[in-house]
Each structure stands twice: as C-alpha cells, then as structure tokens.
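Participant: So here's run03.pdb (PDB, C-alpha atoms, pLDDT in the B column).
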```pdb
MODEL        1
ATOM      1  CA  MET J  16       0.000   0.000   0.000  1.00 36.00           C
ATOM      2  CA  SER J  17       1.386   3.368  -0.925  1.00 40.00           C
ATOM      3  CA  PHE J  18       1.509   6.173   1.555  1.00 41.00           C
ATOM      4  CA  LEU J  19       2.888   9.639   1.886  1.00 45.00           C
ATOM      5  CA  ARG J  20       4.805  11.193   4.697  1.00 42.00           C
ATOM      6  CA  ARG J  21       3.600  14.609   5.569  1.00 45.00           C
ATOM      7  CA  LEU J  22       6.027  16.940   7.262  1.00 45.00           C
ATOM      8  CA  LEU J  23       4.328  18.971   9.927  1.00 49.00           C
ATOM      9  CA  ARG J  24       5.687  21.673  12.121  1.00 50.00           C
ATOM     10  CA  ALA J  25       4.769  21.682  15.769  1.00 52.00           C
ATOM     11  CA  ARG J  26       3.937  24.967  17.449  1.00 57.00           C
ATOM     12  CA  ASP J  27       7.510  25.200  18.704  1.00 61.00           C
ATOM     13  CA  GLY J  28       8.801  24.931  15.092  1.00 58.00           C
ATOM     14  CA  THR J  29      10.256  21.421  15.325  1.00 58.00           C
ATOM     15  CA  PRO J  30       9.524  19.173  12.333  1.00 57.00           C
ATOM     16  CA  GLN J  31       7.330  16.137  12.867  1.00 58.00           C
ATOM     17  CA  ALA J  32       6.519  13.434  10.321  1.00 59.00           C
ATOM     18  CA  GLU J  33       3.078  11.934   9.945  1.00 60.00           C
ATOM     19  CA  VAL J  34       2.225   8.922   7.772  1.00 60.00           C
ATOM     20  CA  VAL J  35      -0.930   9.435   5.745  1.00 59.00           C
ATOM     21  CA  ARG J  36      -2.452   6.515   3.832  1.00 63.00           C
ATOM     22  CA  PRO J  37      -4.924   6.570   0.903  1.00 62.00           C
ATOM     23  CA  GLY J  38      -8.427   7.063   2.240  1.00 61.00           C
ATOM     24  CA  ASP J  39      -7.194   8.916   5.325  1.00 64.00           C
ATOM     25  CA  ALA J  40      -8.395  12.443   5.831  1.00 60.00           C
ATOM     26  CA  GLY J  41      -5.652  14.726   4.605  1.00 61.00           C
ATOM     27  CA  TYR J  42      -4.204  12.237   2.100  1.00 61.00           C
ATOM     28  CA  ALA J  43      -2.980  13.980  -1.024  1.00 64.00           C
ATOM     29  CA  THR J  44      -1.001  12.865  -4.037  1.00 73.00           C
ATOM     30  CA  GLN J  45       2.406  14.382  -4.609  1.00 74.00           C
ATOM     31  CA  SER J  46       1.033  16.568  -7.407  1.00 76.00           C
ATOM     32  CA  GLU J  47      -1.769  17.783  -5.120  1.00 74.00           C
ATOM     33  CA  GLN J  48       0.810  18.527  -2.435  1.00 77.00           C
ATOM     34  CA  ARG J  49       2.997  20.437  -4.900  1.00 81.00           C
ATOM     35  CA  ARG J  50      -0.033  22.385  -6.133  1.00 76.00           C
ATOM     36  CA  ALA J  51      -0.962  23.287  -2.542  1.00 74.00           C
ATOM     37  CA  GLU J  52       2.619  24.271  -1.731  1.00 80.00           C
ATOM     38  CA  ASN J  53       2.814  26.445  -4.864  1.00 76.00           C
ATOM     39  CA  ALA J  54      -0.484  28.112  -3.990  1.00 74.00           C
ATOM     40  CA  ALA J  55       0.762  28.851  -0.473  1.00 76.00           C
ATOM     41  CA  ARG J  56       4.045  30.217  -1.856  1.00 79.00           C
ATOM     42  CA  LYS J  57       2.190  32.462  -4.332  1.00 77.00           C
ATOM     43  CA  GLU J  58      -0.065  33.707  -1.562  1.00 74.00           C
ATOM     44  CA  ARG J  59       2.947  34.611   0.600  1.00 78.00           C
ATOM     45  CA  LEU J  60       4.588  36.423  -2.340  1.00 76.00           C
ATOM     46  CA  ARG J  61       1.369  38.302  -3.100  1.00 71.00           C
ATOM     47  CA  LEU J  62       1.002  39.401   0.515  1.00 73.00           C
ATOM     48  CA  ASP J  63       4.655  40.470   0.614  1.00 74.00           C
ATOM     49  CA  ARG J  64       4.245  42.558  -2.556  1.00 71.00           C
ATOM     50  CA  LEU J  65       1.072  44.159  -1.259  1.00 72.00           C
ATOM     51  CA  ALA J  66       2.702  44.901   2.099  1.00 74.00           C
ATOM     52  CA  ALA J  67       5.737  46.465   0.392  1.00 78.00           C
ATOM     53  CA  GLY J  68       3.532  49.211  -1.054  1.00 77.00           C
ATOM     54  CA  GLY J  69       4.492  51.475  -3.919  1.00 79.00           C
ATOM     55  CA  GLU J  70       4.442  50.591  -7.596  1.00 77.00           C
ATOM     56  CA  GLU J  71       4.873  46.860  -7.001  1.00 74.00           C
ATOM     57  CA  ALA J  72       1.799  46.749  -4.748  1.00 76.00           C
ATOM     58  CA  ASP J  73      -0.213  48.765  -7.285  1.00 77.00           C
ATOM     59  CA  ARG J  74       0.750  46.353 -10.067  1.00 77.00           C
ATOM     60  CA  GLU J  75      -0.224  43.410  -7.858  1.00 76.00           C
ATOM     61  CA  ARG J  76      -3.620  44.972  -7.042  1.00 79.00           C
ATOM     62  CA  ARG J  77      -4.344  45.556 -10.744  1.00 83.00           C
ATOM     63  CA  GLY J  78      -3.944  41.817 -11.390  1.00 84.00           C
ATOM     64  CA  LEU J  79      -6.262  40.639  -8.619  1.00 85.00           C
ATOM     65  CA  VAL J  80      -9.491  38.825  -9.399  1.00 90.00           C
ATOM     66  CA  ARG J  81     -11.547  37.701  -6.408  1.00 91.00           C
ATOM     67  CA  GLY J  82      -8.505  38.106  -4.162  1.00 86.00           C
ATOM     68  CA  LYS J  83      -6.120  36.025  -6.310  1.00 87.00           C
ATOM     69  CA  HIS J  84      -3.876  37.001  -9.191  1.00 87.00           C
ATOM     70  CA  TYR J  85      -5.562  36.327 -12.529  1.00 91.00           C
ATOM     71  CA  THR J  86      -2.814  33.832 -13.462  1.00 90.00           C
ATOM     72  CA  GLU J  87      -3.949  31.560 -10.607  1.00 89.00           C
ATOM     73  CA  TRP J  88      -7.440  30.905 -12.025  1.00 93.00           C
ATOM     74  CA  PRO J  89      -6.862  28.517 -14.986  1.00 95.00           C
ATOM     75  CA  ASP J  90      -7.171  25.349 -12.870  1.00 93.00           C
ATOM     76  CA  THR J  91     -10.478  26.605 -11.487  1.00 94.00           C
ATOM     77  CA  VAL J  92     -11.721  27.415 -14.995  1.00 97.00           C
ATOM     78  CA  ARG J  93     -10.750  23.937 -16.203  1.00 96.00           C
ATOM     79  CA  GLU J  94     -12.554  22.363 -13.262  1.00 96.00           C
ATOM     80  CA  LEU J  95     -15.703  24.425 -13.914  1.00 97.00           C
ATOM     81  CA  LYS J  96     -15.623  23.378 -17.565  1.00 97.00           C
ATOM     82  CA  ARG J  97     -15.186  19.697 -16.624  1.00 96.00           C
ATOM     83  CA  GLU J  98     -18.224  20.031 -14.360  1.00 97.00           C
ATOM     84  CA  GLU J  99     -20.097  21.731 -17.242  1.00 96.00           C
ATOM     85  CA  ARG J 100     -20.588  24.889 -15.163  1.00 96.00           C
ATOM     86  CA  TYR J 101     -20.017  27.019 -18.233  1.00 97.00           C
ATOM     87  CA  GLU J 102     -21.752  30.191 -17.059  1.00 96.00           C
ATOM     88  CA  GLU J 103     -19.605  30.329 -13.904  1.00 97.00           C
ATOM     89  CA  ALA J 104     -16.431  29.661 -15.903  1.00 97.00           C
ATOM     90  CA  LEU J 105     -17.393  32.373 -18.375  1.00 97.00           C
ATOM     91  CA  ARG J 106     -17.990  34.953 -15.623  1.00 97.00           C
ATOM     92  CA  LEU J 107     -14.601  34.144 -14.089  1.00 96.00           C
ATOM     93  CA  LEU J 108     -12.862  34.363 -17.471  1.00 97.00           C
ATOM     94  CA  GLU J 109     -14.495  37.724 -18.179  1.00 96.00           C
ATOM     95  CA  GLU J 110     -13.142  38.981 -14.854  1.00 95.00           C
ATOM     96  CA  CYS J 111      -9.630  37.727 -15.750  1.00 95.00           C
ATOM     97  CA  ILE J 112      -9.502  39.282 -19.231  1.00 95.00           C
ATOM     98  CA  SER J 113      -9.269  42.896 -18.027  1.00 92.00           C
ATOM     99  CA  PRO J 114      -6.301  42.325 -15.682  1.00 93.00           C
ATOM    100  CA  ALA J 115      -4.577  40.313 -18.417  1.00 91.00           C
ATOM    101  CA  GLU J 116      -4.985  43.282 -20.769  1.00 90.00           C
ATOM    102  CA  ARG J 117      -3.673  45.723 -18.152  1.00 87.00           C
ATOM    103  CA  ASP J 118      -0.694  43.472 -17.360  1.00 82.00           C
ATOM    104  CA  ARG J 119       0.567  43.236 -20.930  1.00 78.00           C
ATOM    105  CA  ASP J 120       3.395  45.827 -20.716  1.00 76.00           C
ATOM    106  CA  GLY J 121       3.278  46.606 -24.440  1.00 74.00           C
ATOM    107  CA  ARG J 122       2.995  42.940 -25.455  1.00 81.00           C
ATOM    108  CA  GLU J 123      -0.060  40.940 -26.416  1.00 85.00           C
ATOM    109  CA  PRO J 124      -2.151  40.048 -23.374  1.00 87.00           C
ATOM    110  CA  ALA J 125      -2.306  36.416 -22.334  1.00 88.00           C
ATOM    111  CA  PRO J 126      -4.617  34.870 -24.960  1.00 92.00           C
ATOM    112  CA  TRP J 127      -5.716  31.855 -22.891  1.00 95.00           C
ATOM    113  CA  TYR J 128      -8.518  33.680 -21.085  1.00 96.00           C
ATOM    114  CA  THR J 129      -9.965  35.052 -24.329  1.00 95.00           C
ATOM    115  CA  GLU J 130      -9.671  31.694 -26.100  1.00 96.00           C
ATOM    116  CA  GLN J 131     -11.430  29.872 -23.281  1.00 97.00           C
ATOM    117  CA  ALA J 132     -14.211  32.475 -23.116  1.00 97.00           C
ATOM    118  CA  ALA J 133     -14.696  32.142 -26.889  1.00 97.00           C
ATOM    119  CA  ILE J 134     -14.782  28.339 -26.638  1.00 96.00           C
ATOM    120  CA  ILE J 135     -17.476  28.495 -23.972  1.00 97.00           C
ATOM    121  CA  ASP J 136     -19.475  31.114 -25.887  1.00 96.00           C
ATOM    122  CA  ARG J 137     -19.445  28.852 -28.953  1.00 95.00           C
ATOM    123  CA  LYS J 138     -20.391  25.812 -26.868  1.00 95.00           C
ATOM    124  CA  LEU J 139     -23.348  27.805 -25.503  1.00 95.00           C
ATOM    125  CA  GLY J 140     -24.284  28.828 -29.059  1.00 92.00           C
ATOM    126  CA  ASP J 141     -23.681  32.535 -28.432  1.00 93.00           C
ATOM    127  CA  HIS J 142     -21.759  33.436 -31.589  1.00 92.00           C
ATOM    128  CA  ASP J 143     -22.210  37.177 -31.053  1.00 94.00           C
ATOM    129  CA  ALA J 144     -20.568  36.979 -27.606  1.00 96.00           C
ATOM    130  CA  GLU J 145     -17.774  34.843 -29.071  1.00 96.00           C
ATOM    131  CA  ILE J 146     -17.155  37.421 -31.796  1.00 96.00           C
ATOM    132  CA  SER J 147     -17.269  40.241 -29.256  1.00 96.00           C
ATOM    133  CA  VAL J 148     -14.653  38.734 -26.924  1.00 97.00           C
ATOM    134  CA  LEU J 149     -12.366  37.884 -29.859  1.00 95.00           C
ATOM    135  CA  GLU J 150     -12.714  41.365 -31.392  1.00 94.00           C
ATOM    136  CA  ARG J 151     -11.856  42.877 -28.024  1.00 94.00           C
ATOM    137  CA  TYR J 152      -8.600  40.934 -27.954  1.00 93.00           C
ATOM    138  CA  VAL J 153      -7.753  41.841 -31.554  1.00 91.00           C
ATOM    139  CA  SER J 154      -8.415  45.535 -30.855  1.00 89.00           C
ATOM    140  CA  VAL J 155      -6.062  45.462 -27.856  1.00 87.00           C
ATOM    141  CA  CYS J 156      -3.397  43.866 -30.065  1.00 82.00           C
ATOM    142  CA  ALA J 157      -3.930  46.230 -33.003  1.00 71.00           C
ATOM    143  CA  THR J 158      -0.213  47.038 -33.169  1.00 67.00           C
ATOM    144  CA  SER J 159       0.840  43.378 -33.245  1.00 63.00           C
ATOM    145  CA  VAL J 160       2.185  41.918 -36.444  1.00 60.00           C
ATOM    146  CA  GLY J 161       0.777  38.757 -37.990  1.00 70.00           C
ATOM    147  CA  ARG J 162      -2.244  36.600 -37.458  1.00 78.00           C
ATOM    148  CA  THR J 163      -2.747  34.476 -34.382  1.00 83.00           C
ATOM    149  CA  ARG J 164      -5.055  31.647 -33.377  1.00 89.00           C
ATOM    150  CA  ILE J 165      -7.384  34.349 -32.086  1.00 91.00           C
ATOM    151  CA  HIS J 166      -7.661  35.795 -35.608  1.00 90.00           C
ATOM    152  CA  GLU J 167      -8.395  32.337 -37.031  1.00 92.00           C
ATOM    153  CA  ARG J 168     -11.053  31.678 -34.382  1.00 93.00           C
ATOM    154  CA  LEU J 169     -12.598  35.097 -35.079  1.00 94.00           C
ATOM    155  CA  ASP J 170     -12.843  34.306 -38.795  1.00 93.00           C
ATOM    156  CA  LYS J 171     -14.559  30.980 -38.020  1.00 93.00           C
ATOM    157  CA  ALA J 172     -16.926  32.598 -35.512  1.00 93.00           C
ATOM    158  CA  ARG J 173     -17.953  35.244 -38.039  1.00 93.00           C
ATOM    159  CA  ALA J 174     -18.567  32.551 -40.660  1.00 92.00           C
ATOM    160  CA  LEU J 175     -20.654  30.490 -38.224  1.00 90.00           C
ATOM    161  CA  ALA J 176     -22.709  33.531 -37.221  1.00 90.00           C
ATOM    162  CA  HIS J 177     -23.252  34.433 -40.871  1.00 89.00           C
ATOM    163  CA  ARG J 178     -24.353  30.875 -41.717  1.00 89.00           C
ATOM    164  CA  ARG J 179     -26.664  30.807 -38.721  1.00 86.00           C
ATOM    165  CA  ARG J 180     -28.277  34.110 -39.691  1.00 85.00           C
ATOM    166  CA  ALA J 181     -28.554  33.039 -43.334  1.00 84.00           C
ATOM    167  CA  GLY J 182     -30.088  29.719 -42.273  1.00 78.00           C
ATOM    168  CA  ILE J 183     -32.683  31.447 -40.108  1.00 71.00           C
ATOM    169  CA  ALA J 184     -33.519  33.879 -42.915  1.00 57.00           C
ATOM    170  CA  ASP J 185     -33.926  30.946 -45.333  1.00 59.00           C
ATOM    171  CA  ASP J 186     -36.134  29.106 -42.820  1.00 59.00           C
ATOM    172  CA  ILE J 187     -38.340  32.175 -42.322  1.00 59.00           C
ATOM    173  CA  ALA J 188     -38.686  32.691 -46.078  1.00 58.00           C
ATOM    174  CA  ALA J 189     -39.607  29.042 -46.539  1.00 61.00           C
ATOM    175  CA  GLY J 190     -41.901  29.062 -43.506  1.00 60.00           C
ATOM    176  CA  THR J 191     -39.996  26.175 -41.945  1.00 61.00           C
ATOM    177  CA  ARG J 192     -38.538  27.922 -38.906  1.00 55.00           C
ATOM    178  CA  PRO J 193     -39.339  25.895 -35.773  1.00 54.00           C
ATOM    179  CA  ALA J 194     -42.268  27.201 -33.732  1.00 47.00           C
ATOM    180  CA  ALA J 195     -40.133  27.631 -30.605  1.00 47.00           C
ATOM    181  CA  ALA J 196     -37.839  29.967 -32.550  1.00 48.00           C
ATOM    182  CA  ARG J 197     -40.665  32.205 -33.810  1.00 44.00           C
ATOM    183  CA  PRO J 198     -40.922  35.219 -31.503  1.00 48.00           C
ATOM    184  CA  ASP J 199     -44.499  36.038 -32.603  1.00 47.00           C
ATOM    185  CA  GLU J 200     -45.919  32.575 -31.946  1.00 44.00           C
ATOM    186  CA  PRO J 201     -45.808  30.615 -28.694  1.00 44.00           C
ATOM    187  CA  GLY J 202     -43.972  27.303 -28.806  1.00 42.00           C
ATOM    188  CA  GLU J 203     -45.688  24.026 -28.015  1.00 37.00           C
TER     189      GLU J 203
ENDMDL
END
```
Write out the structure in this file as structure tokens.

Facilitator:
Amino acid sequence: MSFLRRLLRARDGTPQAEVVRPGDAGYATQSEQRRAENAARKERLRLDRLAAGGEEADRERRGLVRGKHYTEWPDTVRELKREERYEEALRLLEECISPAERDRDGREPAPWYTEQAAIIDRKLGDHDAEISVLERYVSVCATSVGRTRIHERLDKARALAHRRRAGIADDIAAGTRPAAARPDEPGE
C-alpha cells in the first residue's frame, strides 16, 4: 500500500513526520501537495508585494481577481468546464480578461482567457458573444504583427454567425422555422 509522509511543524517549530495513507483524511497525491505548496508560496509572495507598497503593490492589485492574481485561475476554470458549469467559468474568465490586458506591458495580453471564453461562448451557441470577446482581444493587439489563433477563431466565428443568420432567414422565407424559434408565436 502506498503512503505519503507529511512533514508537519509543531507549534515550537520542530519538524514532525506523519504517515498518511490513501483514504485517510488529509491524504494527497504528490502533485496535489505540490499544487498546494505552490499556492501557499504564491499567496505569501502576493502578501509580501502588497505589504511592500508602492508601484509593485499597485501592479499586484491591478492583477487581482476575487482576491487572487488572474494567473492563478486557470485550474479553477478547467474544473468548472469539466463540471459543465459554463456560465460560472465564463464569468470568471471575463473577470480575468481585463487584468490580463492591463498586465501586458506593451505585449499581447495572455490569450488563454480570451480563447477559453470564446470556446465556452461557442459551446453555448452565443456566436455574437464569441465574436465580441475575440474582437476585443484583436483591438487590444492592433499594433501586433501577424495573425494568431485568435484571428483564425474570429474568422470561423464570423462565418458560423453568418451561416446561422442566413439559415434562419432561409427558414423564415420558406416558412420552416421551428415554432419555438418564432418570436411572434408561442412554442408548443
């Protein structure tokens, strides 16, 4: 049976080892332990920067989303997506996009947040929101050279929206639009 040794510190600061077995409360894999240790380290660094004051503290505050730096939210977004809690993930991503844009220092902002928001918008069938979030990113990067994955996704989103609108117009003209989609008639 595998087990992990957890190093604890007593109140007097002396190290103490504890054996934790799978199924025990507090059992964590090594990757979970590393993730928790990294989170604790980032939290200490954030608090130190905020306590230092000045420009460094201001920069740190500009990157905060719900009390954490925006770069610390991807795991949460992935988890929300896995659990199919798309609306929550989308709200969190929208909150992270602004700090990512502010933190760019003349470079392109981190594209991950925009890409994930666009993916969720498309999954939810909201092509207009997908186009909007992608256009926002492109406008922030107006001085950048070359096309990126964001540009390619924007082209596809525009094409999908156009096809959807054309399909609805064709359905209306043919009188075959589903009843639930007709705003003037109640659905069954």

Participant: So, with all atoms listed in the file as the atoms that count, which of J:Gln131, J:Asn53, J:Thr86, J:Ser154 lies closest to J:Asp118?

Facilitator: J:Thr86

Participant: J:Tyr85: which residues within 8 Å, counting only C-alpha atoms, same-chain residues fewer than 2 positions away excluded, as a list of chain:residue names?

Facilitator: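 My reading of the contact set: J:Gly78, J:Leu79, J:Val80, J:Lys83, J:Glu87, J:Trp88, J:Cys111, J:Pro114, J:Ala115.
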
Participant: Care to translate the PyMOL selection byres ((chain J and resi 109) around 12) into actual residues of this file, as a PyMOL selection string?

Facilitator: chain J and resi 80+85+88+92+102-108+110-116+127-133+135-136+144-145+147-149+151-152

Participant: So, with only C-alpha atoms as the atoms that count, which of J:Glu70, J:Thr91, J:Arg97, J:Arg119 lies closest to J:Cys156?

Facilitator: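 Among the listed residues, J:Arg119 lies closest to J:Cys156.
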
Participant: Atom CA of J:Arg137 to atom CA of J:Val153: how many Å, to one decimal?

Facilitator: 17.7 Å

Participant: Counting all atoms listed in the file, which residue out of J:Tyr101, J:Ile165, J:Gly68, J:His142 sits closest to J:His177?

Facilitator: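 Among J:Tyr101, J:Ile165, J:Gly68, J:His142, it is J:His142 that comes nearest to J:His177.
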
Participant: Find the distance between atom CA of J:Pro124 and atom CA of J:Val155 and write it in Å to one decimal.

Facilitator: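 These atoms are spaced 8.0 Å apart.
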
Participant: Measuring between only C-alpha atoms, which one of J:Arg179, J:Ala157, J:Glu167, J:Ala54 shows the shortest distance to J:Asp143?

Facilitator: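 Under the stated criterion, the closest residue is J:Arg179.
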
Participant: Pick the closest to J:Asp141 from J:Arg162, J:Thr44, J:Ala125, J:Ala176: which is it, counting all atoms listed in the file?

Facilitator: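 Among the listed residues, the smallest separation from J:Asp141 belongs to J:Ala176.
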
Participant: For atom CA of J:Arg49 and atom CA of J:Leu62, quote the distance in Å rounded to one decimal.

Facilitator: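 Taking atom CA of J:Arg49 as the start and atom CA of J:Leu62 as the end point, the length is 19.8 Å.
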
Participant: Around stretch 159-177 of chain J, fit a box with edges along x, y and z, padding it by 6 Å on each side, then list its centre and edge lengths in Å to one decimal as lines of an AutoDock Vina configuration file.

Facilitator:
```
center_x = -10.5
center_y = 36.9
center_z = -36.5
size_x = 37.4
size_y = 24.9
size_z = 20.8
```

Participant: Closest to J:Leu175 among J:Thr163, J:Gly140, J:Glu58, J:Lys96, using all atoms listed in the file?

Facilitator: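 The answer is J:Gly140, which sits nearest to J:Leu175.
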